[in-house]
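Notes follow once the structure below has been shown.
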Amino acid sequence: MERREFLRTCGTLITGGGLASLGGVLGSKASAVEGETMWQIDPERCLQCGRCETECVMRVSAVKCFHANQVCGYCDLCGGYYREGVKELNTAAENLMCPTGAITRRFVEEPYFEYTIDEDLCNGCGKCVKGCSSFGNGSLFLQIQQERCLQCNECSIAKVCVSGAIQRVPVGTAYKLKDHA
Amino acid sequence: MSPRTVRLITLATAVVWMVVIVVWYLYNPSANLTSFEPGADMRPEGTERKSDEVRIGEFFMAHEDVAMPPAALSDSWAGFRGPNRTGIVTHTIPISLMEGDFQTMWTIETGEGHAAPAIWRGRVYVLDYDERLSSDALRCLSLTTGEELWRRWYRVPMKRNHGFSRTIPCVSPDGQVVTIGPEGHVMACDAMTGKLLWTIDMKRRYGSEVPFWYAGQCPLVSGDELVLAPAGKDTLMVGIDVLTGITRWWAPNVAGLKMSHSSVMPMTLGGTRTYVYAGVGGVCGVAADGDARGQVLWTAKGWQPSVIAPSPMQIDNRRVLLVAGYGAGGALLEVNHGGIGWTATISEQYKAEQGLSSEQQTPILYGGDMILTILPKNGGGMRERICIYNPSDLHHTVWNSASDERFGLGPYVVVDGRLFALKESGELYVYQLERGGMTLLRHQTVLPDGADAWGPMAYADGMLLLRDATRIICLKISEG
């Protein structure tokens, strides 16, 4: 066998084997999740009690704040952005509701602002959600970020959730998004 | 230890310390911190919000998914003390006197305060205060469900002082709802849609001094005219087109009255329709009609409590009852129009323990011969009880409630010949009004664990609205 032919054969085997392995993995994954369920929060039942932040087994909770842009009022005076009794309406840290600075906003046009959640910074405390839902359109809501969730057999947050908002949902509808309501 | 070893140890120590110093110098413990400073949202320069800047009515939110109230609800309690500002409902459907409690139709949470609702065409209007957003909020609710239809609000930072909210909105016959906020901000909106019509900042425009415990003046709409008593530097009272906000007339504040917690009361005195206002420093009457409209007809300075919450109450064509709390007691104002023009004199005045008085609620004149009141806490042995006086004798009660029926600063209203009185702790008493007295029909705890239930009640379409410091409830009191 010539060296060129040897290399082509090896390359073909490696590529083919890789593709076959990948197909196998994906296939097994697909068959494994078919009919399975995942943990998720029902925003309609969530009371924003704060336990999602403290009870998750992850070091930083897998629960994150989601933002439905279609629902948002783009308010300047946003109850989810500014903390209670704020003195000044600006972006200084002492005025902000989010303890981790996960919410940023950008001026669109007077008097509208676009809000964005930095998922890496969000700790799932729900303070912004409470603020938005009690004096706003409720565009901020909590969801379990499935890529971060370990899918424990017994969710430690669900065990203490006072409203029973955390339930298992089909994989096909792993999120309860307000944009799609 | 050999000198070589000593040198090695010394050298090693020096190297370690050098490494420590270099690491300490190079390490930045705050490298991962992000500073949040003003301007990060790219707000254009010059549009920054000042901490004390108020843009009245700037925010609006409608709940389009909430069902509108039935069109059949046409009754109204359009402002302070109802349609005629008397605290009496004259046309109503029969009250249920069956056994069992009145049914609570709905309950809503409010910001801390005492602002009571107005009702118009199945809609409830309340000027709430949201402490979290430091905002006055005019909320429009469905009378049948309590669900919010819309709200219009504006930021006005305040400090708690017996809560925040105070006043009752007023709705014009043509459907404009007007509010006065605790800091004297006047806002007019379309009562159906919540569209902002016009605004006035009474402190800025008139130089009004908002009294301690905030403004308690409830707006008065007479026909298509809003009557305000800013009692400011130059302006005592103004008449404003309720649709456009244009000033029609204004009365000069020659007497130098200051704003009280009292409201403007329309009366016909000496045959002339008059707007009567009890300010701090005196009582005045302003012509409401004709060529003299806006003219200060008379001023009486013989009775000057430092705090006045109740409003003047007309007794007859020439007499006006004045009451106030904190020991001020009461006074009788007599207004005459004769050859020398208008005269207004305080014909008698007395301390709280000596006769008819009230600290916060305005008494009710019922049937022409009964004045109903709740005596203030310094009203002697009858303190905080419901007392009835004859207008001809303001010092001796005709009737009084039992010793355990003390109501504090609670409100009361007459519906269909019955007095509904609310203890400030949330217990509702219903009395049958009779000649010379009352009979207790029933009582019911309607606001469990209630506190500071001081806001006046409102009634329309068989529904009675009541509130304490943090919630409003709707009771169905009619039959059927």
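Residue names in the structure tokens use chain letters A, B, ... in the order shown, residue numbers from 1 in each chain, and ligand numbers from 1 in the order shown.
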
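Taking only region 304-346 of chain B, the residues that DSSP calls strand (DSSP E) from the backbone come to Met313, Gln314, Arg319, Val320, Leu321, Leu322, Val323, Ala324, Gly329, Gly330, Ala331, Leu332, Leu333, Glu334, Val335, Asn336, His337, Gly338, Gly341, Trp342, Thr343, Ala344, Thr345 and Ile346 of chain B.
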
Given only C-alpha atoms, how would the per-residue table for chain A near chain B read, listing every residue at most 7 Å away with its closest atom pair and distance in Å to one decimal, sorted by chain and number, as CSV?
```
residue,atom,partner,partner_atom,distance
A:Gly79,CA,B:Leu133,CA,6.5
A:Glu84,CA,B:Arg132,CA,4.2
A:Gly85,CA,B:Arg132,CA,5.5
A:Lys87,CA,B:Ser51,CA,5.7
A:Glu88,CA,B:Ser51,CA,5.0
A:Leu89,CA,B:Arg49,CA,5.8
A:Asn90,CA,B:Pro38,CA,5.2
A:Thr91,CA,B:Pro38,CA,4.5
A:Ala92,CA,B:Glu37,CA,4.1
A:Ala93,CA,B:Phe36,CA,4.9
A:Arg105,CA,B:Asp41,CA,5.3
A:Arg106,CA,B:Asp41,CA,4.4
A:Phe107,CA,B:Arg43,CA,5.3
```

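What separates CA of Val20 (chain B) from CA of Pro3 (chain B) is a distance of 25.6 Å.
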
Neighbouring residues of Met38 (chain A) were defined as those with any atom within 9 Å, considering only C-alpha atoms; residues of the same chain fewer than 2 positions away were excluded. Please report them as a CSV table (one decimal) with N, CA, C and O atoms, in the first residue's frame.
```csv
chain,number,residue,atom,x,y,z
A,36,GLU,N,-39.4,12.1,28.2
A,36,GLU,CA,-38.9,12.5,29.5
A,36,GLU,C,-39.4,13.9,29.8
A,36,GLU,O,-39.9,14.6,28.9
A,40,GLN,N,-39.3,22.9,35.4
A,40,GLN,CA,-39.5,24.3,34.9
A,40,GLN,C,-40.5,25.0,35.8
A,40,GLN,O,-41.2,24.4,36.6
A,146,GLN,N,-32.3,25.4,31.2
A,146,GLN,CA,-32.1,23.9,31.1
A,146,GLN,C,-30.7,23.5,30.9
A,146,GLN,O,-30.2,22.5,31.3
A,149,CYS,N,-29.2,23.4,34.3
A,149,CYS,CA,-29.9,22.5,35.3
A,149,CYS,C,-29.4,21.1,35.3
A,149,CYS,O,-29.2,20.5,34.2
A,151,GLN,N,-31.1,18.6,36.4
A,151,GLN,CA,-32.3,17.7,36.3
A,151,GLN,C,-32.2,16.7,37.4
A,151,GLN,O,-32.4,15.5,37.2
A,167,GLN,N,-42.5,22.5,38.3
A,167,GLN,CA,-43.1,21.2,38.0
A,167,GLN,C,-42.3,20.6,36.8
A,167,GLN,O,-41.6,21.3,36.1
A,168,ARG,N,-42.5,19.3,36.6
A,168,ARG,CA,-41.8,18.7,35.5
A,168,ARG,C,-42.7,19.0,34.2
A,168,ARG,O,-43.9,18.9,34.3
A,169,VAL,N,-42.0,19.3,33.1
A,169,VAL,CA,-42.7,19.6,31.9
A,169,VAL,C,-42.1,18.8,30.8
A,169,VAL,O,-40.9,18.4,30.9
A,170,PRO,N,-42.8,18.5,29.7
A,170,PRO,CA,-42.2,17.7,28.6
A,170,PRO,C,-41.0,18.4,28.0
A,170,PRO,O,-41.0,19.7,28.0
A,171,VAL,N,-40.1,17.7,27.6
A,171,VAL,CA,-38.9,18.3,27.0
A,171,VAL,C,-39.2,19.2,25.8
A,171,VAL,O,-38.6,20.2,25.6
A,174,ALA,N,-39.9,22.8,27.1
A,174,ALA,CA,-39.1,22.9,28.3
A,174,ALA,C,-39.1,24.3,28.9
A,174,ALA,O,-38.6,24.5,30.0
```

Near-Arg318 (chain B) list (6 Å; only C-alpha atoms; drop same-chain fewer than 5 positions) as a list of chain:residue names: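 The contact residues come out as B:Leu269, B:Gly270, B:Glu334, B:Val335.
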
Leaving out Gly164 (chain A) and any residue of its chain fewer than 4 positions from it, which residues lie within 8 Å of it when counting only C-alpha atoms, given as a list in words?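 Counting only the stated atoms, we get Arg45, Cys46 and Ala158 of chain A.
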
Using only C-alpha atoms, which residues sit within 12 Å of Leu409 (chain B) once same-chain residues fewer than 6 positions away are excluded, as number ranges by chain? B: 114, 309-310, 325, 358-362, 373-377, 383-386, 421-426, 451-456, 468

Take the residues from that selection and put them in a file with N, CA and C atoms, as a short mmCIF file (atom, residue, chain, number, x, y, z; two decimals), in the first residue's frame.
```cif
data_model
loop_
_atom_site.label_atom_id
_atom_site.label_comp_id
_atom_site.auth_asym_id
_atom_site.auth_seq_id
_atom_site.Cartn_x
_atom_site.Cartn_y
_atom_site.Cartn_z
N HIS B 114 -54.83 56.67 52.97
CA HIS B 114 -56.24 56.81 53.33
C HIS B 114 -57.09 57.31 52.16
N ALA B 309 -59.24 69.32 59.21
CA ALA B 309 -59.46 68.22 58.26
C ALA B 309 -60.91 68.16 57.78
N PRO B 310 -61.90 68.27 58.68
CA PRO B 310 -63.29 68.23 58.18
C PRO B 310 -63.60 69.47 57.33
N GLY B 325 -60.21 69.09 64.66
CA GLY B 325 -59.69 68.22 65.71
C GLY B 325 -58.62 68.88 66.54
N SER B 358 -65.58 67.19 65.50
CA SER B 358 -65.08 66.05 64.74
C SER B 358 -63.61 66.32 64.41
N GLU B 359 -62.83 65.27 64.43
CA GLU B 359 -61.41 65.45 64.15
C GLU B 359 -61.08 65.34 62.67
N GLN B 360 -61.74 64.38 62.01
CA GLN B 360 -61.34 64.15 60.63
C GLN B 360 -62.51 64.09 59.65
N GLN B 361 -63.58 63.40 60.01
CA GLN B 361 -64.71 63.25 59.10
C GLN B 361 -65.61 64.49 59.17
N THR B 362 -66.26 64.77 58.07
CA THR B 362 -67.21 65.88 58.03
C THR B 362 -68.58 65.38 58.50
N THR B 373 -72.27 62.90 63.92
CA THR B 373 -70.82 63.07 63.97
C THR B 373 -70.21 61.99 64.85
N ILE B 374 -68.91 61.86 64.76
CA ILE B 374 -68.15 61.04 65.71
C ILE B 374 -67.25 62.00 66.46
N LEU B 375 -67.43 62.05 67.76
CA LEU B 375 -66.67 63.02 68.54
C LEU B 375 -65.18 62.65 68.56
N PRO B 376 -64.32 63.64 68.63
CA PRO B 376 -62.87 63.36 68.63
C PRO B 376 -62.42 62.75 69.96
N LYS B 377 -61.15 62.37 69.98
CA LYS B 377 -60.63 61.66 71.15
C LYS B 377 -60.60 62.54 72.40
N ARG B 383 -66.25 60.61 73.77
CA ARG B 383 -65.19 60.58 72.76
C ARG B 383 -65.31 59.34 71.86
N GLU B 384 -65.15 59.58 70.61
CA GLU B 384 -65.12 58.56 69.55
C GLU B 384 -66.45 57.82 69.38
N ARG B 385 -67.48 58.28 70.04
CA ARG B 385 -68.80 57.68 69.83
C ARG B 385 -69.55 58.45 68.73
N ILE B 386 -70.53 57.79 68.13
CA ILE B 386 -71.43 58.50 67.22
C ILE B 386 -72.39 59.30 68.08
N ALA B 421 -71.41 52.92 59.62
CA ALA B 421 -70.26 53.51 60.30
C ALA B 421 -69.18 52.45 60.46
N LEU B 422 -67.96 52.84 60.16
CA LEU B 422 -66.84 51.90 60.19
C LEU B 422 -65.88 52.26 61.32
N LYS B 423 -65.68 51.32 62.23
CA LYS B 423 -64.65 51.55 63.24
C LYS B 423 -63.29 51.58 62.55
N GLU B 424 -62.38 52.34 63.08
CA GLU B 424 -61.07 52.41 62.42
C GLU B 424 -60.32 51.09 62.48
N SER B 425 -60.85 50.15 63.28
CA SER B 425 -60.25 48.82 63.32
C SER B 425 -60.88 47.87 62.32
N GLY B 426 -61.87 48.35 61.54
CA GLY B 426 -62.41 47.55 60.45
C GLY B 426 -63.73 46.86 60.73
N ALA B 451 -56.56 48.35 60.30
CA ALA B 451 -55.83 49.43 60.99
C ALA B 451 -56.05 50.73 60.24
N ASP B 452 -56.32 51.77 61.00
CA ASP B 452 -56.43 53.12 60.43
C ASP B 452 -57.40 53.17 59.26
N ALA B 453 -58.59 52.63 59.48
CA ALA B 453 -59.63 52.70 58.43
C ALA B 453 -60.27 54.08 58.51
N TRP B 454 -59.63 55.03 57.87
CA TRP B 454 -60.05 56.43 57.97
C TRP B 454 -60.66 56.96 56.67
N GLY B 455 -60.36 56.34 55.56
CA GLY B 455 -60.84 56.85 54.27
C GLY B 455 -62.36 56.76 54.19
N PRO B 456 -63.03 57.80 53.69
CA PRO B 456 -64.49 57.76 53.57
C PRO B 456 -64.95 56.61 52.69
N ASP B 468 -59.02 50.36 54.64
CA ASP B 468 -58.17 50.68 55.78
C ASP B 468 -56.85 51.16 55.22
#
```

Between CA of Leu142 (chain A) and CA of Ile157 (chain A), what is the spacing in Å? 12.8 Å

With distances taken over only C-alpha atoms, which residue among B:Arg123, B:Ile364, B:Pro219, B:Trp106 lies nearest Ala191 (chain B)? B:Arg123
